[in-house]
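Structure below is input.txt: compact mmCIF, N, CA and C atoms and all ligand atoms.
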```txt
# COMPACT_ATOMS: atom_id res chain seq x y z
N MET A 1 97.05 175.31 49.86
CA MET A 1 97.37 174.74 51.17
C MET A 1 98.88 174.61 51.33
N VAL A 2 99.30 174.79 52.57
CA VAL A 2 100.71 174.64 52.89
C VAL A 2 100.83 173.49 53.89
N ARG A 3 101.73 172.59 53.59
CA ARG A 3 101.93 171.45 54.49
C ARG A 3 103.10 171.76 55.40
N ILE A 4 102.85 171.81 56.67
CA ILE A 4 103.93 172.10 57.62
C ILE A 4 104.09 170.94 58.59
N ASN A 5 105.31 170.77 59.05
CA ASN A 5 105.56 169.71 60.02
C ASN A 5 104.91 170.09 61.34
N CYS A 6 104.30 169.11 61.96
CA CYS A 6 103.66 169.36 63.24
C CYS A 6 104.74 169.54 64.31
N LYS A 7 104.38 170.28 65.35
CA LYS A 7 105.33 170.50 66.44
C LYS A 7 105.74 169.19 67.12
N CYS A 8 104.91 168.19 67.00
CA CYS A 8 105.25 166.90 67.62
C CYS A 8 106.32 166.17 66.78
N VAL A 9 106.63 166.70 65.62
CA VAL A 9 107.71 166.27 64.74
C VAL A 9 107.52 164.88 64.11
N PHE A 10 107.40 163.85 64.89
CA PHE A 10 107.36 162.51 64.31
C PHE A 10 105.95 161.95 64.19
N GLY A 11 104.97 162.79 64.49
CA GLY A 11 103.63 162.27 64.39
C GLY A 11 103.27 161.42 65.60
N VAL A 12 103.21 162.08 66.74
CA VAL A 12 102.86 161.37 67.97
C VAL A 12 101.42 160.89 67.87
N LYS A 13 101.23 159.63 68.14
CA LYS A 13 99.90 159.06 68.07
C LYS A 13 98.96 159.81 69.01
N GLY A 14 97.85 160.26 68.48
CA GLY A 14 96.90 160.98 69.30
C GLY A 14 97.19 162.46 69.42
N CYS A 15 98.17 162.94 68.67
CA CYS A 15 98.46 164.39 68.68
C CYS A 15 97.20 165.14 68.23
N LEU A 16 96.86 166.18 68.97
CA LEU A 16 95.64 166.93 68.68
C LEU A 16 95.73 167.70 67.37
N HIS A 17 96.95 168.05 66.98
CA HIS A 17 97.12 168.87 65.79
C HIS A 17 97.13 168.03 64.52
N CYS A 18 97.89 166.97 64.53
CA CYS A 18 98.11 166.23 63.29
C CYS A 18 97.51 164.83 63.29
N SER A 19 96.91 164.42 64.40
CA SER A 19 96.34 163.07 64.52
C SER A 19 97.36 161.99 64.20
N GLY A 20 98.62 162.28 64.48
CA GLY A 20 99.67 161.27 64.30
C GLY A 20 100.29 161.25 62.92
N ARG A 21 99.88 162.16 62.03
CA ARG A 21 100.46 162.16 60.68
C ARG A 21 101.83 162.82 60.64
N GLY A 22 102.07 163.72 61.61
CA GLY A 22 103.34 164.42 61.63
C GLY A 22 103.34 165.71 60.83
N TYR A 23 102.26 166.00 60.16
CA TYR A 23 102.17 167.26 59.43
C TYR A 23 100.74 167.78 59.52
N VAL A 24 100.60 169.05 59.28
CA VAL A 24 99.27 169.66 59.23
C VAL A 24 99.16 170.50 57.97
N ASP A 25 97.99 170.54 57.39
CA ASP A 25 97.75 171.38 56.22
C ASP A 25 97.00 172.63 56.67
N VAL A 26 97.54 173.77 56.34
CA VAL A 26 96.84 175.02 56.65
C VAL A 26 96.69 175.82 55.35
N SER A 27 95.72 176.68 55.32
CA SER A 27 95.55 177.51 54.13
C SER A 27 96.70 178.51 54.09
N VAL A 28 97.09 178.90 52.90
CA VAL A 28 98.28 179.75 52.76
C VAL A 28 98.06 181.12 53.40
N GLU A 29 96.84 181.64 53.33
CA GLU A 29 96.62 182.96 53.93
C GLU A 29 96.58 182.89 55.46
N GLU A 30 96.32 181.70 55.97
CA GLU A 30 96.36 181.51 57.42
C GLU A 30 97.82 181.40 57.87
N PHE A 31 98.60 180.76 57.04
CA PHE A 31 100.01 180.50 57.38
C PHE A 31 100.88 181.74 57.16
N ILE A 32 100.68 182.38 56.02
CA ILE A 32 101.46 183.59 55.70
C ILE A 32 100.61 184.81 56.01
N THR A 33 100.93 185.45 57.11
CA THR A 33 100.20 186.65 57.50
C THR A 33 100.65 187.82 56.64
N ALA A 34 99.89 188.91 56.70
CA ALA A 34 100.25 190.13 55.97
C ALA A 34 101.63 190.60 56.39
N ASP A 35 101.95 190.42 57.67
CA ASP A 35 103.26 190.85 58.16
C ASP A 35 104.40 190.04 57.53
N LYS A 36 104.20 188.74 57.43
CA LYS A 36 105.23 187.89 56.80
C LYS A 36 105.41 188.27 55.34
N PHE A 37 104.30 188.52 54.68
CA PHE A 37 104.38 188.89 53.27
C PHE A 37 105.11 190.22 53.11
N ARG A 38 104.83 191.16 54.03
CA ARG A 38 105.50 192.46 54.00
C ARG A 38 107.01 192.29 54.16
N GLN A 39 107.41 191.41 55.05
CA GLN A 39 108.85 191.16 55.24
C GLN A 39 109.50 190.63 53.97
N TYR A 40 108.80 189.72 53.33
CA TYR A 40 109.29 189.14 52.08
C TYR A 40 109.44 190.23 51.02
N GLU A 41 108.43 191.08 50.93
CA GLU A 41 108.45 192.16 49.95
C GLU A 41 109.59 193.14 50.22
N GLU A 42 109.86 193.39 51.49
CA GLU A 42 110.95 194.30 51.84
C GLU A 42 112.29 193.76 51.35
N VAL A 43 112.47 192.47 51.54
CA VAL A 43 113.72 191.85 51.07
C VAL A 43 113.77 191.91 49.54
N ARG A 44 112.66 191.60 48.90
CA ARG A 44 112.61 191.59 47.44
C ARG A 44 112.90 192.98 46.88
N GLU A 45 112.26 193.99 47.47
CA GLU A 45 112.43 195.35 46.97
C GLU A 45 113.81 195.91 47.25
N SER A 46 114.46 195.39 48.29
CA SER A 46 115.82 195.84 48.59
C SER A 46 116.80 195.37 47.51
N GLY A 47 116.43 194.31 46.82
CA GLY A 47 117.29 193.78 45.77
C GLY A 47 118.58 193.19 46.29
N ALA A 48 118.61 192.91 47.60
CA ALA A 48 119.85 192.47 48.22
C ALA A 48 120.21 191.02 47.88
N THR A 49 119.23 190.25 47.48
CA THR A 49 119.52 188.85 47.17
C THR A 49 118.58 188.34 46.09
N ASN A 50 119.00 187.26 45.48
CA ASN A 50 118.14 186.51 44.58
C ASN A 50 117.08 185.84 45.44
N MET A 51 115.81 186.04 45.12
CA MET A 51 114.74 185.50 45.97
C MET A 51 114.68 183.98 45.95
N PHE A 52 115.41 183.36 45.05
CA PHE A 52 115.44 181.90 45.05
C PHE A 52 116.44 181.37 46.07
N ASP A 53 117.23 182.29 46.63
CA ASP A 53 118.15 181.90 47.70
C ASP A 53 117.41 181.98 49.03
N GLY A 54 116.69 180.93 49.35
CA GLY A 54 115.84 180.91 50.54
C GLY A 54 116.58 181.22 51.83
N ILE A 55 117.80 180.75 51.93
CA ILE A 55 118.57 180.96 53.16
C ILE A 55 118.86 182.46 53.35
N MET A 56 119.28 183.11 52.26
CA MET A 56 119.57 184.54 52.34
C MET A 56 118.32 185.34 52.63
N VAL A 57 117.22 184.96 52.01
CA VAL A 57 115.97 185.69 52.24
C VAL A 57 115.61 185.62 53.72
N CYS A 58 115.77 184.46 54.32
CA CYS A 58 115.51 184.31 55.76
C CYS A 58 116.41 185.23 56.58
N GLU A 59 117.67 185.23 56.23
CA GLU A 59 118.62 186.01 57.01
C GLU A 59 118.37 187.50 56.90
N LEU A 60 117.93 187.93 55.73
CA LEU A 60 117.70 189.36 55.52
C LEU A 60 116.36 189.82 56.07
N SER A 61 115.45 188.91 56.27
CA SER A 61 114.14 189.28 56.79
C SER A 61 114.19 189.35 58.31
N ASP A 62 113.12 189.88 58.89
CA ASP A 62 113.08 189.98 60.36
C ASP A 62 113.00 188.60 61.00
N ASN A 63 112.01 187.83 60.60
CA ASN A 63 111.87 186.50 61.21
C ASN A 63 111.13 185.51 60.32
N LEU A 64 111.41 185.53 59.05
CA LEU A 64 110.83 184.52 58.16
C LEU A 64 111.63 183.23 58.29
N THR A 65 110.94 182.11 58.15
CA THR A 65 111.62 180.82 58.15
C THR A 65 111.73 180.32 56.72
N ARG A 66 112.50 179.28 56.52
CA ARG A 66 112.63 178.68 55.18
C ARG A 66 111.26 178.23 54.67
N VAL A 67 110.48 177.69 55.57
CA VAL A 67 109.14 177.21 55.18
C VAL A 67 108.28 178.39 54.73
N ASP A 68 108.39 179.51 55.46
CA ASP A 68 107.64 180.71 55.08
C ASP A 68 108.02 181.16 53.67
N VAL A 69 109.33 181.24 53.45
CA VAL A 69 109.83 181.74 52.16
C VAL A 69 109.37 180.84 51.02
N THR A 70 109.47 179.55 51.22
CA THR A 70 109.04 178.61 50.18
C THR A 70 107.53 178.75 49.93
N ALA A 71 106.78 178.89 51.00
CA ALA A 71 105.32 179.02 50.86
C ALA A 71 104.97 180.31 50.13
N ILE A 72 105.64 181.39 50.46
CA ILE A 72 105.35 182.67 49.80
C ILE A 72 105.69 182.58 48.32
N ARG A 73 106.85 181.98 48.02
CA ARG A 73 107.28 181.87 46.63
C ARG A 73 106.28 181.04 45.83
N THR A 74 105.84 179.95 46.43
CA THR A 74 104.91 179.04 45.75
C THR A 74 103.56 179.70 45.51
N HIS A 75 103.12 180.50 46.47
CA HIS A 75 101.76 181.07 46.40
C HIS A 75 101.81 182.58 46.20
N TYR A 76 102.89 183.04 45.59
CA TYR A 76 103.12 184.49 45.52
C TYR A 76 101.97 185.26 44.89
N ASP A 77 101.47 184.76 43.78
CA ASP A 77 100.41 185.49 43.07
C ASP A 77 99.18 185.69 43.93
N LYS A 78 98.80 184.63 44.60
CA LYS A 78 97.62 184.70 45.45
C LYS A 78 97.83 185.67 46.62
N LEU A 79 99.02 185.58 47.23
CA LEU A 79 99.31 186.44 48.37
C LEU A 79 99.43 187.89 47.95
N ALA A 80 100.03 188.12 46.81
CA ALA A 80 100.18 189.49 46.32
C ALA A 80 98.81 190.11 46.08
N GLU A 81 97.93 189.33 45.53
CA GLU A 81 96.58 189.81 45.29
C GLU A 81 95.88 190.13 46.61
N LEU A 82 96.16 189.31 47.59
CA LEU A 82 95.51 189.43 48.89
C LEU A 82 96.03 190.62 49.69
N TYR A 83 97.33 190.82 49.68
CA TYR A 83 97.95 191.76 50.61
C TYR A 83 98.48 193.04 50.00
N MET A 84 98.68 193.06 48.72
CA MET A 84 99.26 194.27 48.14
C MET A 84 98.17 195.30 47.87
N THR A 85 98.54 196.54 48.06
CA THR A 85 97.56 197.60 47.81
C THR A 85 97.26 197.66 46.31
N LYS A 86 96.04 197.94 46.00
CA LYS A 86 95.58 197.87 44.62
C LYS A 86 96.29 198.86 43.69
N GLU A 87 96.61 200.03 44.23
CA GLU A 87 97.19 201.06 43.36
C GLU A 87 98.62 200.78 42.96
N LYS A 88 99.21 199.74 43.56
CA LYS A 88 100.60 199.46 43.27
C LYS A 88 100.75 198.74 41.94
ZN ZN B 101 101.35 166.40 65.83
```

Would you write out, as C-alpha cells, the structure that this file holds?
Amino acid sequence: MVRINCKCVFGVKGCLHCSGRGYVDVSVEEFITADKFRQYEEVRESGATNMFDGIMVCELSDNLTRVDVTAIRTHYDKLAELYMTKEK
C-alpha cells in the first residue's frame, strides 16, 4: 500500500476520499501505472542519475512526482514482476 496525501490536504471533515484523515491508502499497482514504471525504468536505464536522487529522477522523467519515485523504489520488486516482460 502507498499512503498519499489527500487532495483536501489537511483532512477536511467529511471529505469523500479520506474521511477527514488527510491521507488515502491505495494499492501500489493502482498508484503506479505501467506507464509510470516505464518512465522510471527509462531514467534508470539511461544511467543519467543515481536512482536514490529522487529530485533528479523526477526531473529526468516525463511526469513522475517525488511520491511516485519513492513508491516505485519501495515496491520495486513487486512492480518489476508486474510490469516487466518476462524474457528480460
Ligand atoms: Zn480528503

*Give as JSON, numbers by chain the residues surrounding ligand ZN 101 (chain B) up to a distance of 9 Å, considering only C-alpha atoms and all ligand atoms.*
{"A": [5, 6, 7, 8, 9, 10, 11, 12, 13, 14, 15, 16, 17, 18, 19, 20, 21, 22, 23, 24]}

*If you run DSSP over the backbone, which residues in chain A end up helix (DSSP H, G or I)? Put them as JSON, numbers by chain.*
{"A": [28, 29, 30, 31, 34, 35, 36, 37, 38, 39, 40, 41, 42, 43, 44, 45, 46, 54, 55, 56, 57, 58, 59, 60, 66, 67, 68, 69, 70, 71, 72, 73, 74, 76, 77, 78, 79, 80, 81, 82, 83]}

Residues just named, written with N, CA and C atoms as a CSV table (one decimal), keeping the file's coordinate frame:
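selection_3.csv was written with the following content:
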```csv
chain,number,residue,atom,x,y,z
A,28,VAL,N,97.1,178.9,52.9
A,28,VAL,CA,98.3,179.8,52.8
A,28,VAL,C,98.1,181.1,53.4
A,29,GLU,N,96.8,181.6,53.3
A,29,GLU,CA,96.6,183.0,53.9
A,29,GLU,C,96.6,182.9,55.5
A,30,GLU,N,96.3,181.7,56.0
A,30,GLU,CA,96.4,181.5,57.4
A,30,GLU,C,97.8,181.4,57.9
A,31,PHE,N,98.6,180.8,57.0
A,31,PHE,CA,100.0,180.5,57.4
A,31,PHE,C,100.9,181.7,57.2
A,34,ALA,N,99.9,188.9,56.7
A,34,ALA,CA,100.2,190.1,56.0
A,34,ALA,C,101.6,190.6,56.4
A,35,ASP,N,102.0,190.4,57.7
A,35,ASP,CA,103.3,190.8,58.2
A,35,ASP,C,104.4,190.0,57.5
A,36,LYS,N,104.2,188.7,57.4
A,36,LYS,CA,105.2,187.9,56.8
A,36,LYS,C,105.4,188.3,55.3
A,37,PHE,N,104.3,188.5,54.7
A,37,PHE,CA,104.4,188.9,53.3
A,37,PHE,C,105.1,190.2,53.1
A,38,ARG,N,104.8,191.2,54.0
A,38,ARG,CA,105.5,192.5,54.0
A,38,ARG,C,107.0,192.3,54.2
A,39,GLN,N,107.4,191.4,55.0
A,39,GLN,CA,108.8,191.2,55.2
A,39,GLN,C,109.5,190.6,54.0
A,40,TYR,N,108.8,189.7,53.3
A,40,TYR,CA,109.3,189.1,52.1
A,40,TYR,C,109.4,190.2,51.0
A,41,GLU,N,108.4,191.1,50.9
A,41,GLU,CA,108.4,192.2,50.0
A,41,GLU,C,109.6,193.1,50.2
A,42,GLU,N,109.9,193.4,51.5
A,42,GLU,CA,111.0,194.3,51.8
A,42,GLU,C,112.3,193.8,51.4
A,43,VAL,N,112.5,192.5,51.5
A,43,VAL,CA,113.7,191.8,51.1
A,43,VAL,C,113.8,191.9,49.5
A,44,ARG,N,112.7,191.6,48.9
A,44,ARG,CA,112.6,191.6,47.4
A,44,ARG,C,112.9,193.0,46.9
A,45,GLU,N,112.3,194.0,47.5
A,45,GLU,CA,112.4,195.4,47.0
A,45,GLU,C,113.8,195.9,47.2
A,46,SER,N,114.5,195.4,48.3
A,46,SER,CA,115.8,195.8,48.6
A,46,SER,C,116.8,195.4,47.5
A,54,GLY,N,116.7,180.9,49.4
A,54,GLY,CA,115.8,180.9,50.5
A,54,GLY,C,116.6,181.2,51.8
A,55,ILE,N,117.8,180.8,51.9
A,55,ILE,CA,118.6,181.0,53.2
A,55,ILE,C,118.9,182.5,53.4
A,56,MET,N,119.3,183.1,52.3
A,56,MET,CA,119.6,184.5,52.3
A,56,MET,C,118.3,185.3,52.6
A,57,VAL,N,117.2,185.0,52.0
A,57,VAL,CA,116.0,185.7,52.2
A,57,VAL,C,115.6,185.6,53.7
A,58,CYS,N,115.8,184.5,54.3
A,58,CYS,CA,115.5,184.3,55.8
A,58,CYS,C,116.4,185.2,56.6
A,59,GLU,N,117.7,185.2,56.2
A,59,GLU,CA,118.6,186.0,57.0
A,59,GLU,C,118.4,187.5,56.9
A,60,LEU,N,117.9,187.9,55.7
A,60,LEU,CA,117.7,189.4,55.5
A,60,LEU,C,116.4,189.8,56.1
A,66,ARG,N,112.5,179.3,56.5
A,66,ARG,CA,112.6,178.7,55.2
A,66,ARG,C,111.3,178.2,54.7
A,67,VAL,N,110.5,177.7,55.6
A,67,VAL,CA,109.1,177.2,55.2
A,67,VAL,C,108.3,178.4,54.7
A,68,ASP,N,108.4,179.5,55.5
A,68,ASP,CA,107.6,180.7,55.1
A,68,ASP,C,108.0,181.2,53.7
A,69,VAL,N,109.3,181.2,53.4
A,69,VAL,CA,109.8,181.7,52.2
A,69,VAL,C,109.4,180.8,51.0
A,70,THR,N,109.5,179.6,51.2
A,70,THR,CA,109.0,178.6,50.2
A,70,THR,C,107.5,178.8,49.9
A,71,ALA,N,106.8,178.9,51.0
A,71,ALA,CA,105.3,179.0,50.9
A,71,ALA,C,105.0,180.3,50.1
A,72,ILE,N,105.6,181.4,50.5
A,72,ILE,CA,105.4,182.7,49.8
A,72,ILE,C,105.7,182.6,48.3
A,73,ARG,N,106.8,182.0,48.0
A,73,ARG,CA,107.3,181.9,46.6
A,73,ARG,C,106.3,181.0,45.8
A,74,THR,N,105.8,180.0,46.4
A,74,THR,CA,104.9,179.0,45.8
A,74,THR,C,103.6,179.7,45.5
A,76,TYR,N,102.9,183.0,45.6
A,76,TYR,CA,103.1,184.5,45.5
A,76,TYR,C,102.0,185.3,44.9
A,77,ASP,N,101.5,184.8,43.8
A,77,ASP,CA,100.4,185.5,43.1
A,77,ASP,C,99.2,185.7,43.9
A,78,LYS,N,98.8,184.6,44.6
A,78,LYS,CA,97.6,184.7,45.4
A,78,LYS,C,97.8,185.7,46.6
A,79,LEU,N,99.0,185.6,47.2
A,79,LEU,CA,99.3,186.4,48.4
A,79,LEU,C,99.4,187.9,48.0
A,80,ALA,N,100.0,188.1,46.8
A,80,ALA,CA,100.2,189.5,46.3
A,80,ALA,C,98.8,190.1,46.1
A,81,GLU,N,97.9,189.3,45.5
A,81,GLU,CA,96.6,189.8,45.3
A,81,GLU,C,95.9,190.1,46.6
A,82,LEU,N,96.2,189.3,47.6
A,82,LEU,CA,95.5,189.4,48.9
A,82,LEU,C,96.0,190.6,49.7
A,83,TYR,N,97.3,190.8,49.7
A,83,TYR,CA,98.0,191.8,50.6
A,83,TYR,C,98.5,193.0,50.0
```

*Write out as a list in words all residues of segment 11-66 of chain A that backbone DSSP assigns to strand (DSSP E or B).*
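Taking segment 11-66 of chain A and keeping strand (DSSP E or B) only, one gets Tyr23, Val24, Asp25 and Val26 of chain A.
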
*Interatomic distance between atom CA of Glu81 of chain A and atom C of Glu59 of chain A?*
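Those two atoms sit 24.8 Å apart.
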
*For Tyr40 of chain A, list every protein, DNA or RNA residue within 8 Å, evaluated using only N, CA and C atoms, and leave out those in the same chain fewer than 6 positions away; present the list as a PyMOL selection string.*
chain A and resi 34+46+57+61-62+64+69+72

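When only C-alpha atoms are used to compute distances to Gly54 of chain A, the closest of the residues A:Glu42, A:Thr33, A:Asp25, A:Val67 turns out to be A:Val67.
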
*asked:* Between atom C of Asp53 of chain A and atom C of Ser27 of chain A, what distance in Å does the model show, to one decimal?
replied: 21.6 Å
